[in-house]
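Enquirer: Provided below: query.csv, containing CSV, C-alpha atoms.
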```csv
chain,number,residue,atom,x,y,z
A,1,MET,CA,-147.4,158.8,-141.7
A,2,ALA,CA,-150.7,160.6,-141.2
A,3,PRO,CA,-153.7,158.3,-140.8
A,4,THR,CA,-155.9,157.8,-143.9
A,5,ALA,CA,-159.5,158.9,-143.9
A,6,ALA,CA,-160.5,155.2,-143.9
A,7,HIS,CA,-158.6,154.6,-140.7
A,8,SER,CA,-159.5,157.9,-138.9
A,9,ALA,CA,-163.2,158.1,-139.7
A,10,ARG,CA,-165.5,157.5,-136.8
A,11,PRO,CA,-167.9,154.6,-137.3
A,12,ALA,CA,-171.4,155.7,-138.4
A,13,ALA,CA,-174.1,155.8,-135.8
A,14,ARG,CA,-176.1,152.5,-135.5
A,15,THR,CA,-179.7,152.8,-136.8
A,16,THR,CA,-182.8,150.6,-136.3
A,17,VAL,CA,-186.4,150.7,-137.5
A,18,HIS,CA,-189.2,148.9,-135.7
A,19,THR,CA,-192.7,148.8,-137.2
A,20,VAL,CA,-196.2,147.6,-136.3
A,21,THR,CA,-199.6,147.9,-137.9
A,22,VAL,CA,-202.5,149.1,-135.8
A,23,ALA,CA,-206.2,148.8,-136.4
A,24,ALA,CA,-206.9,152.3,-135.2
A,25,ALA,CA,-207.1,155.8,-136.8
A,26,PRO,CA,-203.7,157.5,-137.2
A,27,ASP,CA,-204.7,160.6,-135.2
A,28,ALA,CA,-205.7,158.4,-132.2
A,29,VAL,CA,-202.4,156.5,-132.4
A,30,TYR,CA,-200.5,159.8,-132.6
A,31,ARG,CA,-202.3,161.2,-129.5
A,32,LEU,CA,-201.1,158.2,-127.5
A,33,VAL,CA,-197.5,158.8,-128.6
A,34,ALA,CA,-197.7,162.6,-128.0
A,35,ASP,CA,-199.2,162.4,-124.5
A,36,VAL,CA,-196.2,161.6,-122.3
A,37,SER,CA,-198.4,161.8,-119.1
A,38,GLY,CA,-199.9,158.5,-120.1
A,39,TRP,CA,-196.6,156.7,-121.1
A,40,PRO,CA,-196.1,154.9,-117.7
A,41,GLN,CA,-199.5,153.4,-118.1
A,42,VAL,CA,-199.2,152.5,-121.8
A,43,PHE,CA,-195.6,151.5,-122.2
A,44,GLY,CA,-194.2,148.8,-120.0
A,45,PRO,CA,-190.6,150.0,-119.9
A,46,THR,CA,-191.5,153.6,-118.9
A,47,VAL,CA,-191.5,154.3,-115.2
A,48,HIS,CA,-191.9,158.1,-115.0
A,49,VAL,CA,-191.7,161.1,-117.2
A,50,ASP,CA,-191.1,164.7,-116.0
A,51,VAL,CA,-192.0,167.5,-118.5
A,52,LEU,CA,-189.2,170.1,-117.8
A,53,GLU,CA,-190.1,172.5,-120.6
A,54,GLU,CA,-193.1,172.7,-123.0
A,55,ALA,CA,-194.2,175.0,-125.8
A,56,PRO,CA,-197.6,176.6,-125.0
A,57,GLU,CA,-199.1,175.6,-128.4
A,58,GLU,CA,-200.1,172.2,-129.6
A,59,GLY,CA,-197.0,170.5,-131.1
A,60,GLY,CA,-193.8,172.4,-130.8
A,61,GLU,CA,-191.0,171.3,-128.5
A,62,GLN,CA,-190.8,169.5,-125.1
A,63,LEU,CA,-187.9,168.8,-122.8
A,64,LEU,CA,-188.4,165.6,-120.9
A,65,ARG,CA,-186.6,163.6,-118.2
A,66,ILE,CA,-187.5,159.9,-118.6
A,67,TRP,CA,-187.0,157.0,-116.2
A,68,ALA,CA,-187.4,153.6,-117.9
A,69,THR,CA,-186.2,150.0,-117.5
A,70,ALA,CA,-183.5,148.7,-120.0
A,71,ASN,CA,-181.9,145.3,-119.8
A,72,GLY,CA,-183.3,144.9,-116.2
A,73,GLN,CA,-182.0,148.2,-114.9
A,74,VAL,CA,-183.6,151.6,-114.4
A,75,ARG,CA,-182.0,154.3,-116.6
A,76,ASN,CA,-182.8,158.0,-116.9
A,77,TRP,CA,-182.1,160.5,-119.5
A,78,THR,CA,-183.2,163.9,-120.7
A,79,SER,CA,-184.6,164.3,-124.2
A,80,ARG,CA,-185.9,167.1,-126.4
A,81,ARG,CA,-188.9,166.2,-128.6
A,82,VAL,CA,-190.4,168.0,-131.5
A,83,LEU,CA,-194.1,167.2,-132.1
A,84,ASP,CA,-195.8,167.7,-135.5
A,85,PRO,CA,-199.5,166.8,-135.2
A,86,ALA,CA,-200.1,167.6,-138.9
A,87,ALA,CA,-197.5,165.1,-140.1
A,88,ARG,CA,-198.1,162.8,-137.1
A,89,THR,CA,-194.4,162.6,-136.3
A,90,VAL,CA,-192.6,163.0,-133.0
A,91,SER,CA,-188.8,163.3,-133.3
A,92,PHE,CA,-186.6,163.0,-130.2
A,93,ARG,CA,-182.9,163.5,-129.3
A,94,GLN,CA,-181.3,162.8,-126.0
A,95,VAL,CA,-179.5,165.9,-124.6
A,96,VAL,CA,-178.3,164.2,-121.4
A,97,SER,CA,-177.7,160.5,-121.9
A,98,SER,CA,-177.0,157.7,-119.5
A,99,ALA,CA,-173.9,155.4,-120.0
A,100,PRO,CA,-173.2,153.3,-121.9
A,101,VAL,CA,-175.2,155.5,-124.4
A,102,ALA,CA,-173.2,158.4,-125.7
A,103,SER,CA,-175.9,159.7,-128.0
A,104,MET,CA,-179.4,158.6,-129.1
A,105,GLY,CA,-182.2,160.0,-131.2
A,106,GLY,CA,-185.0,159.0,-133.5
A,107,ALA,CA,-188.6,159.5,-134.4
A,108,TRP,CA,-192.1,158.1,-134.2
A,109,ARG,CA,-194.0,158.2,-137.5
A,110,ILE,CA,-197.6,157.3,-137.8
A,111,VAL,CA,-199.0,156.9,-141.4
A,112,PRO,CA,-202.4,155.7,-142.7
A,113,GLU,CA,-202.4,152.2,-143.9
A,114,GLY,CA,-205.7,150.7,-145.1
A,115,ASP,CA,-208.3,151.3,-142.5
A,116,GLY,CA,-205.7,151.7,-139.8
A,117,SER,CA,-202.2,152.9,-139.3
A,118,ARG,CA,-198.6,151.9,-139.6
A,119,VAL,CA,-196.2,153.0,-136.9
A,120,GLU,CA,-192.5,153.3,-137.4
A,121,LEU,CA,-190.1,153.8,-134.5
A,122,LEU,CA,-186.6,154.9,-135.6
A,123,HIS,CA,-183.5,155.0,-133.5
A,124,ASP,CA,-179.9,156.1,-134.1
A,125,TYR,CA,-177.3,155.7,-131.4
A,126,ARG,CA,-173.7,155.6,-130.4
A,127,ALA,CA,-172.0,153.9,-127.5
A,128,VAL,CA,-169.5,155.6,-125.2
A,129,ASP,CA,-166.1,155.3,-127.0
A,130,ASP,CA,-167.9,153.4,-129.8
A,131,ASP,CA,-167.3,150.3,-127.7
A,132,PRO,CA,-168.7,147.2,-129.6
A,133,ALA,CA,-169.7,145.4,-126.4
A,134,ALA,CA,-171.7,148.5,-125.3
A,135,GLU,CA,-173.2,148.9,-128.7
A,136,ALA,CA,-174.5,145.3,-128.5
A,137,LEU,CA,-176.1,146.0,-125.1
A,138,ILE,CA,-177.7,149.2,-126.4
A,139,GLU,CA,-179.0,147.3,-129.5
A,140,GLN,CA,-180.5,144.6,-127.3
A,141,ALA,CA,-182.2,147.2,-125.1
A,142,VAL,CA,-183.5,149.2,-128.0
A,143,ASP,CA,-184.9,146.1,-129.7
A,144,ARG,CA,-186.5,144.8,-126.6
A,145,ASN,CA,-188.0,148.1,-125.5
A,146,SER,CA,-189.1,149.1,-129.1
A,147,THR,CA,-190.9,145.8,-129.6
A,148,ALA,CA,-192.6,146.1,-126.2
A,149,GLU,CA,-193.6,149.7,-126.7
A,150,LEU,CA,-195.1,149.1,-130.2
A,151,ASP,CA,-197.0,146.0,-128.9
A,152,ALA,CA,-198.4,148.1,-126.0
A,153,LEU,CA,-199.2,151.0,-128.3
A,154,LYS,CA,-201.1,148.6,-130.6
A,155,LYS,CA,-203.1,147.0,-127.8
A,156,THR,CA,-204.0,150.3,-126.2
A,157,ALA,CA,-204.9,152.0,-129.5
A,158,GLU,CA,-207.1,149.1,-130.6
A,159,LEU,CA,-209.1,149.3,-127.4
A,160,GLY,CA,-210.6,152.5,-128.8
A,161,GLU,CA,-213.5,153.9,-126.8
A,162,HIS,CA,-213.5,150.7,-124.7
A,163,ARG,CA,-210.3,152.0,-123.0
A,164,ALA,CA,-212.3,154.5,-121.1
A,165,GLU,CA,-214.0,151.6,-119.3
A,166,LEU,CA,-210.7,150.0,-118.4
A,167,HIS,CA,-208.7,153.0,-117.4
A,168,PHE,CA,-209.4,155.2,-114.4
A,169,SER,CA,-207.8,157.3,-111.7
A,170,PHE,CA,-208.6,158.3,-108.1
A,171,HIS,CA,-207.0,159.6,-105.0
A,172,ASP,CA,-207.2,159.6,-101.2
A,173,ARG,CA,-205.9,162.4,-99.0
A,174,VAL,CA,-205.5,163.5,-95.4
A,175,GLY,CA,-204.7,166.7,-93.6
A,176,VAL,CA,-201.6,166.6,-91.3
A,177,ASP,CA,-200.5,169.1,-88.7
A,178,GLY,CA,-196.9,168.1,-88.8
A,179,ASP,CA,-193.5,168.6,-90.4
A,180,PRO,CA,-193.5,167.8,-94.1
A,181,ALA,CA,-190.0,166.2,-93.7
A,182,ASP,CA,-191.5,163.7,-91.2
A,183,VAL,CA,-194.4,162.8,-93.5
A,184,PHE,CA,-192.2,162.3,-96.4
A,185,ALA,CA,-189.7,160.3,-94.4
A,186,PHE,CA,-192.5,157.9,-93.4
A,187,LEU,CA,-193.5,157.4,-97.0
A,188,ASP,CA,-190.0,157.2,-98.3
A,189,ARG,CA,-188.7,154.7,-95.7
A,190,ALA,CA,-190.8,151.8,-97.1
A,191,ASP,CA,-188.3,149.3,-95.6
A,192,LEU,CA,-189.9,150.1,-92.2
A,193,TRP,CA,-193.5,149.6,-93.4
A,194,PRO,CA,-193.7,146.0,-92.1
A,195,GLU,CA,-193.2,147.5,-88.6
A,196,ARG,CA,-195.4,150.5,-89.1
A,197,LEU,CA,-198.3,149.3,-91.4
A,198,PRO,CA,-200.7,146.5,-90.5
A,199,HIS,CA,-201.4,145.5,-94.1
A,200,VAL,CA,-197.7,145.1,-95.1
A,201,ALA,CA,-196.5,141.6,-94.3
A,202,ARG,CA,-193.1,141.8,-95.9
A,203,LEU,CA,-191.1,144.3,-97.9
A,204,ASP,CA,-187.7,144.2,-99.4
A,205,LEU,CA,-186.2,147.5,-100.5
A,206,THR,CA,-183.1,148.2,-102.5
A,207,GLU,CA,-182.0,151.6,-103.8
A,208,ASP,CA,-180.0,153.0,-106.7
A,209,ALA,CA,-178.5,156.2,-105.4
A,210,VAL,CA,-176.5,158.5,-107.6
A,211,GLU,CA,-175.3,161.8,-106.1
A,212,GLY,CA,-177.4,164.7,-107.4
A,213,GLN,CA,-180.2,162.5,-108.8
A,214,PRO,CA,-183.5,161.3,-107.4
A,215,VAL,CA,-183.2,157.9,-105.7
A,216,VAL,CA,-184.6,154.9,-107.6
A,217,GLN,CA,-186.2,152.4,-105.2
A,218,HIS,CA,-187.0,148.7,-106.0
A,219,LEU,CA,-189.8,147.3,-103.8
A,220,ASP,CA,-190.9,143.6,-103.5
A,221,MET,CA,-193.9,143.6,-101.1
A,222,ASP,CA,-196.4,141.1,-99.7
A,223,THR,CA,-199.7,142.8,-98.8
A,224,ARG,CA,-202.3,141.3,-96.5
A,225,SER,CA,-205.9,141.3,-97.7
A,226,PRO,CA,-208.8,141.6,-95.3
A,227,ASP,CA,-209.5,137.9,-95.7
A,228,GLY,CA,-206.0,137.1,-94.4
A,229,SER,CA,-204.5,136.1,-97.8
A,230,THR,CA,-201.5,137.9,-99.1
A,231,HIS,CA,-200.5,139.0,-102.6
A,232,ASN,CA,-197.2,140.0,-104.0
A,233,THR,CA,-196.3,143.1,-106.0
A,234,THR,CA,-193.0,144.5,-107.3
A,235,SER,CA,-192.6,148.2,-107.9
A,236,ILE,CA,-190.1,150.8,-108.9
A,237,ARG,CA,-190.3,154.2,-107.2
A,238,VAL,CA,-188.5,157.4,-107.9
A,239,SER,CA,-188.1,159.6,-104.8
A,240,PHE,CA,-188.0,163.4,-105.1
A,241,PRO,CA,-187.3,164.7,-101.5
A,242,ASP,CA,-187.0,168.3,-102.7
A,243,ARG,CA,-190.6,168.2,-104.0
A,244,ARG,CA,-191.8,165.8,-101.2
A,245,THR,CA,-193.1,163.5,-103.9
A,246,LEU,CA,-192.7,159.8,-104.7
A,247,VAL,CA,-193.8,158.3,-108.0
A,248,TYR,CA,-194.1,154.6,-108.6
A,249,LYS,CA,-195.0,151.9,-111.1
A,250,GLN,CA,-196.0,148.4,-110.3
A,251,LEU,CA,-194.2,145.8,-112.4
A,252,ARG,CA,-196.1,142.9,-111.0
A,253,VAL,CA,-199.7,143.7,-110.5
A,254,PRO,CA,-202.8,141.9,-109.1
A,255,ALA,CA,-204.7,139.6,-111.5
A,256,ALA,CA,-207.5,142.1,-112.3
A,257,MET,CA,-205.1,144.8,-113.7
A,258,THR,CA,-202.7,145.3,-116.6
A,259,GLY,CA,-201.2,148.5,-115.2
A,260,HIS,CA,-201.0,150.5,-111.9
A,261,THR,CA,-199.0,153.7,-111.4
A,262,GLY,CA,-199.3,156.3,-108.7
A,263,ARG,CA,-197.6,159.0,-106.6
A,264,TRP,CA,-197.5,160.3,-103.1
A,265,THR,CA,-197.4,164.1,-102.6
A,266,VAL,CA,-196.9,166.2,-99.5
A,267,GLU,CA,-198.1,169.8,-100.0
A,268,PRO,CA,-198.7,172.9,-97.9
A,269,ALA,CA,-202.4,173.7,-97.2
A,270,ALA,CA,-203.8,177.2,-96.9
A,271,ASP,CA,-204.3,177.0,-93.1
A,272,GLY,CA,-200.6,176.2,-92.5
A,273,THR,CA,-201.1,172.4,-92.2
A,274,LEU,CA,-200.3,169.8,-94.9
A,275,THR,CA,-202.3,168.0,-97.5
A,276,VAL,CA,-200.9,164.5,-98.1
A,277,THR,CA,-202.4,162.6,-101.1
A,278,SER,CA,-202.1,159.2,-102.6
A,279,TRP,CA,-202.9,159.1,-106.3
A,280,HIS,CA,-203.6,155.9,-108.3
A,281,THR,CA,-204.1,155.3,-112.1
A,282,VAL,CA,-205.2,151.8,-113.0
A,283,THR,CA,-205.9,149.8,-116.2
A,284,LEU,CA,-208.1,146.8,-115.8
A,285,ASP,CA,-207.6,143.4,-117.5
A,286,PRO,CA,-211.0,142.0,-118.6
A,287,ALA,CA,-209.8,138.4,-118.6
A,288,GLY,CA,-208.2,138.9,-115.2
A,289,VAL,CA,-211.5,140.4,-113.9
A,290,ARG,CA,-213.5,137.4,-115.0
A,291,ALA,CA,-210.9,135.0,-113.5
A,292,LEU,CA,-210.9,136.8,-110.2
A,293,LEU,CA,-214.6,137.8,-109.8
A,294,GLY,CA,-216.4,135.3,-112.0
A,295,PRO,CA,-217.7,135.2,-115.6
A,296,ASP,CA,-220.6,137.5,-114.8
A,297,ALA,CA,-218.5,140.3,-113.2
A,298,THR,CA,-218.8,143.7,-114.8
A,299,LEU,CA,-216.0,146.3,-115.2
A,300,ALA,CA,-218.0,148.4,-112.8
A,301,ASP,CA,-217.7,145.6,-110.3
A,302,ALA,CA,-214.0,145.5,-110.9
A,303,ARG,CA,-213.5,149.2,-110.6
A,304,ALA,CA,-215.3,149.3,-107.3
A,305,LYS,CA,-213.3,146.3,-105.9
A,306,VAL,CA,-210.0,147.8,-107.0
A,307,ARG,CA,-210.9,151.2,-105.8
A,308,HIS,CA,-211.8,149.8,-102.4
A,309,ALA,CA,-208.7,147.6,-102.1
A,310,LEU,CA,-206.2,150.2,-103.1
A,311,GLY,CA,-208.0,153.0,-101.3
A,312,THR,CA,-208.2,151.0,-98.1
A,313,ASN,CA,-204.4,150.4,-98.1
A,314,SER,CA,-203.7,154.0,-99.1
A,315,SER,CA,-205.9,155.4,-96.4
A,316,THR,CA,-204.3,153.2,-93.8
A,317,THR,CA,-200.8,154.4,-94.9
A,318,LEU,CA,-202.0,158.0,-94.9
A,319,ARG,CA,-203.5,157.6,-91.4
A,320,HIS,CA,-200.3,156.1,-90.0
A,321,ALA,CA,-198.1,158.8,-91.7
A,322,LYS,CA,-200.3,161.5,-90.1
A,323,GLU,CA,-200.0,159.9,-86.6
A,324,PHE,CA,-196.2,159.5,-87.1
A,325,ALA,CA,-195.7,163.2,-88.1
A,326,GLU,CA,-198.1,164.6,-85.5
A,327,SER,CA,-196.7,162.6,-82.7
A,328,ARG,CA,-193.2,163.9,-83.5
A,329,ARG,CA,-194.5,167.5,-83.6
A,330,ALA,CA,-196.3,167.3,-80.3
A,331,PRO,CA,-193.1,167.0,-78.0
A,332,ALA,CA,-191.5,169.8,-80.0
A,333,ALA,CA,-194.6,172.0,-79.6
A,334,ARG,CA,-194.7,171.3,-75.8
A,335,ALA,CA,-191.0,172.2,-75.5
A,336,GLU,CA,-191.5,175.4,-77.4
A,337,GLY,CA,-194.5,176.3,-75.2
A,338,ALA,CA,-192.4,175.6,-72.1
A,339,ARG,CA,-189.6,177.9,-73.3
A,340,ALA,CA,-192.2,180.7,-74.1
A,341,THR,CA,-193.6,180.6,-70.5
A,342,ALA,CA,-190.3,180.2,-68.7
```
Would you put the structure from the file into structure tokens?
Expert:
Amino acid sequence: MAPTAAHSARPAARTTVHTVTVAAAPDAVYRLVADVSGWPQVFGPTVHVDVLEEAPEEGGEQLLRIWATANGQVRNWTSRRVLDPAARTVSFRQVVSSAPVASMGGAWRIVPEGDGSRVELLHDYRAVDDDPAAEALIEQAVDRNSTAELDALKKTAELGEHRAELHFSFHDRVGVDGDPADVFAFLDRADLWPERLPHVARLDLTEDAVEGQPVVQHLDMDTRSPDGSTHNTTSIRVSFPDRRTLVYKQLRVPAAMTGHTGRWTVEPAADGTLTVTSWHTVTLDPAGVRALLGPDATLADARAKVRHALGTNSSTTLRHAKEFAESRRAPAARAEGARATA
């Protein structure tokens, strides 16, 4: 007997809707959702976003590859987004999903409500083989991440112009006359940093390696301060050897911050050497600033202190990476010279 439609029909995709009200103008909220470059700093679960394709006009379509935490693990997927600034909507659909997700899509909708906005975050999804246990895991991750993202969006949007005082970026760089592979290896092998860097007291490194994908690294690090004290941070890094780039997001940050992301880049310079750069983006925590620096501390004081602390460590790492790469090139250059004169 042929199966009846009731028995053969595939279960409908699961759907969820999460909402939050925001005391900020809808256009300002929309801009935060549309600007994926800022997602790792705004949204706790987001580690890194690569824009693979983008329409030249405002709005239109984007193809993104996203790394984010879900249920304690780092997942990545590729999504296509359609941005509509006039309607203040961003729809998305995964084109390459990560198991146990078979398919996922949804939309952000920002609508006026009173003097502010209402944000709706919609999802629809299926699990691989429509497995109920996998569906439960996906539902748990979607609920946790959606709630966290909407809370973070609300907090960020409601800062308004004050956000410019809390949010800043900077970089340090050094020129290196060495092999880019050696420089990148020094930065990538963070497990060796306690032996190589004076400010790293301890570092535990684990890696999630999948063939054909960038390696995801988990770092738990104790860093020495100039006064001899140590502080602990945990980070997730995504390693791109083909680009000589490492991006990272700190999950546990020092008291004065609510967010810290960054990247290391190794690029060719016009004179045939290399330019190696450490980039930082920081969001300050006003309450943490007062607790750390005292009730009369200003945000300018905090920016200067954070810039000095992070910049000192970055510059130290850059200097040691330079010495490492140039010391490895020197014997090779001497050998090459010897062969040329033989």
Enquirer: Check the smallest atom-to-atom distance from each of A:Thr273, A:Gln62, A:Ala23, A:Ala12 to Asp179 of chain A using all atoms listed in the file, then report the winner.
Expert: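 Of A:Thr273, A:Gln62, A:Ala23, A:Ala12, the one nearest Asp179 of chain A, counting all atoms listed in the file, is A:Thr273.
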Enquirer: Rank nothing, just name the residue among A:Asp35, A:Glu158, A:Asp182, A:Asp124 nearest to Lys322 of chain A, using all atoms listed in the file.
Expert: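 So, comparing all the options, the nearest one is A:Asp182.
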Enquirer: Could you jot down the atom CA of Val49 of chain A to atom CA of Val238 of chain A separation for me, Å, one decimal place?
Expert: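 So the two atoms, atom CA of Val49 of chain A and atom CA of Val238 of chain A, lie 10.5 Å apart.
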Enquirer: Would you please work out which residue, of A:Asp27, A:Asp204, A:Glu61, A:Asp50, is nearest to Arg88 of chain A when using all atoms listed in the file?
Expert: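 Distance minimum relative to Arg88 of chain A lands on A:Asp27.
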Enquirer: With a distance cut-off of 10 Å and all atoms listed in the file, select the neighbouring residues of Asp143 of chain A, excluding the residue or stretch itself and same-chain residues fewer than 5 positions from it, and output the selection as JSON, numbers by chain.
Expert: {"A": [16, 17, 18, 123, 137, 138, 148, 149]}
Enquirer: Just to confirm, what's the straight-line distance from atom CA of Arg237 of chain A to atom CA of Gln217 of chain A in Å (one decimal)?
Expert: 4.9 Å
Enquirer: Write out as a list in words each polymer residue whose atoms come within 9 Å of Asp177 of chain A, counting only C-alpha atoms; drop sequence neighbours fewer than 2 positions from it.
Expert: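 The residues that qualify are Gly175, Asp179, Pro180, Gly272, Thr273, Leu274, Lys322, Ala325, Glu326 and Arg329 of chain A.
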Enquirer: Could you check the closest approach to His48 of chain A for each of A:Arg173, A:Arg144, A:Lys249, A:Arg81 and tell me which residue wins, using only C-alpha atoms?
Expert: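 Result for the nearest residue to His48 of chain A: A:Lys249.
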Enquirer: Output segment 252-263 of chain A as a PDB file, in the frame of the given file, making sure N, CA, C and O atoms are there.
Expert:
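out_31.pdb, freshly written:
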```
ATOM      1  N   ARG A 252    -195.245 144.069-111.176  1.00  0.00           N
ATOM      2  CA  ARG A 252    -196.100 142.900-111.000  1.00  0.00           C
ATOM      3  C   ARG A 252    -197.351 143.335-110.312  1.00  0.00           C
ATOM      4  O   ARG A 252    -197.329 143.800-109.175  1.00  0.00           O
ATOM      5  N   VAL A 253    -198.483 143.201-111.012  1.00  0.00           N
ATOM      6  CA  VAL A 253    -199.700 143.700-110.500  1.00  0.00           C
ATOM      7  C   VAL A 253    -200.706 142.610-110.194  1.00  0.00           C
ATOM      8  O   VAL A 253    -200.557 141.487-110.678  1.00  0.00           O
ATOM      9  N   PRO A 254    -201.726 142.883-109.365  1.00  0.00           N
ATOM     10  CA  PRO A 254    -202.800 141.900-109.100  1.00  0.00           C
ATOM     11  C   PRO A 254    -203.468 141.440-110.381  1.00  0.00           C
ATOM     12  O   PRO A 254    -203.446 142.143-111.400  1.00  0.00           O
ATOM     13  N   ALA A 255    -204.149 140.304-110.321  1.00  0.00           N
ATOM     14  CA  ALA A 255    -204.700 139.600-111.500  1.00  0.00           C
ATOM     15  C   ALA A 255    -205.685 140.507-112.290  1.00  0.00           C
ATOM     16  O   ALA A 255    -205.790 140.381-113.511  1.00  0.00           O
ATOM     17  N   ALA A 256    -206.409 141.383-111.639  1.00  0.00           N
ATOM     18  CA  ALA A 256    -207.500 142.100-112.300  1.00  0.00           C
ATOM     19  C   ALA A 256    -206.915 143.333-113.113  1.00  0.00           C
ATOM     20  O   ALA A 256    -207.679 144.011-113.794  1.00  0.00           O
ATOM     21  N   MET A 257    -205.608 143.598-113.047  1.00  0.00           N
ATOM     22  CA  MET A 257    -205.100 144.800-113.700  1.00  0.00           C
ATOM     23  C   MET A 257    -204.008 144.425-114.719  1.00  0.00           C
ATOM     24  O   MET A 257    -203.352 143.392-114.641  1.00  0.00           O
ATOM     25  N   THR A 258    -203.838 145.330-115.679  1.00  0.00           N
ATOM     26  CA  THR A 258    -202.700 145.300-116.600  1.00  0.00           C
ATOM     27  C   THR A 258    -201.689 146.382-116.246  1.00  0.00           C
ATOM     28  O   THR A 258    -200.543 146.335-116.689  1.00  0.00           O
ATOM     29  N   GLY A 259    -202.121 147.388-115.502  1.00  0.00           N
ATOM     30  CA  GLY A 259    -201.200 148.500-115.200  1.00  0.00           C
ATOM     31  C   GLY A 259    -201.676 149.206-113.907  1.00  0.00           C
ATOM     32  O   GLY A 259    -202.876 149.319-113.640  1.00  0.00           O
ATOM     33  N   HIS A 260    -200.696 149.673-113.128  1.00  0.00           N
ATOM     34  CA  HIS A 260    -201.000 150.500-111.900  1.00  0.00           C
ATOM     35  C   HIS A 260    -199.802 151.386-111.676  1.00  0.00           C
ATOM     36  O   HIS A 260    -198.674 150.934-111.465  1.00  0.00           O
ATOM     37  N   THR A 261    -200.047 152.676-111.736  1.00  0.00           N
ATOM     38  CA  THR A 261    -199.000 153.700-111.400  1.00  0.00           C
ATOM     39  C   THR A 261    -199.630 154.626-110.371  1.00  0.00           C
ATOM     40  O   THR A 261    -200.851 154.659-110.157  1.00  0.00           O
ATOM     41  N   GLY A 262    -198.771 155.396-109.737  1.00  0.00           N
ATOM     42  CA  GLY A 262    -199.300 156.300-108.700  1.00  0.00           C
ATOM     43  C   GLY A 262    -198.211 157.245-108.206  1.00  0.00           C
ATOM     44  O   GLY A 262    -197.049 157.212-108.635  1.00  0.00           O
ATOM     45  N   ARG A 263    -198.608 158.059-107.243  1.00  0.00           N
ATOM     46  CA  ARG A 263    -197.600 159.000-106.600  1.00  0.00           C
ATOM     47  C   ARG A 263    -198.178 159.375-105.234  1.00  0.00           C
ATOM     48  O   ARG A 263    -199.387 159.356-104.980  1.00  0.00           O
TER      49      ARG A 263
END
```
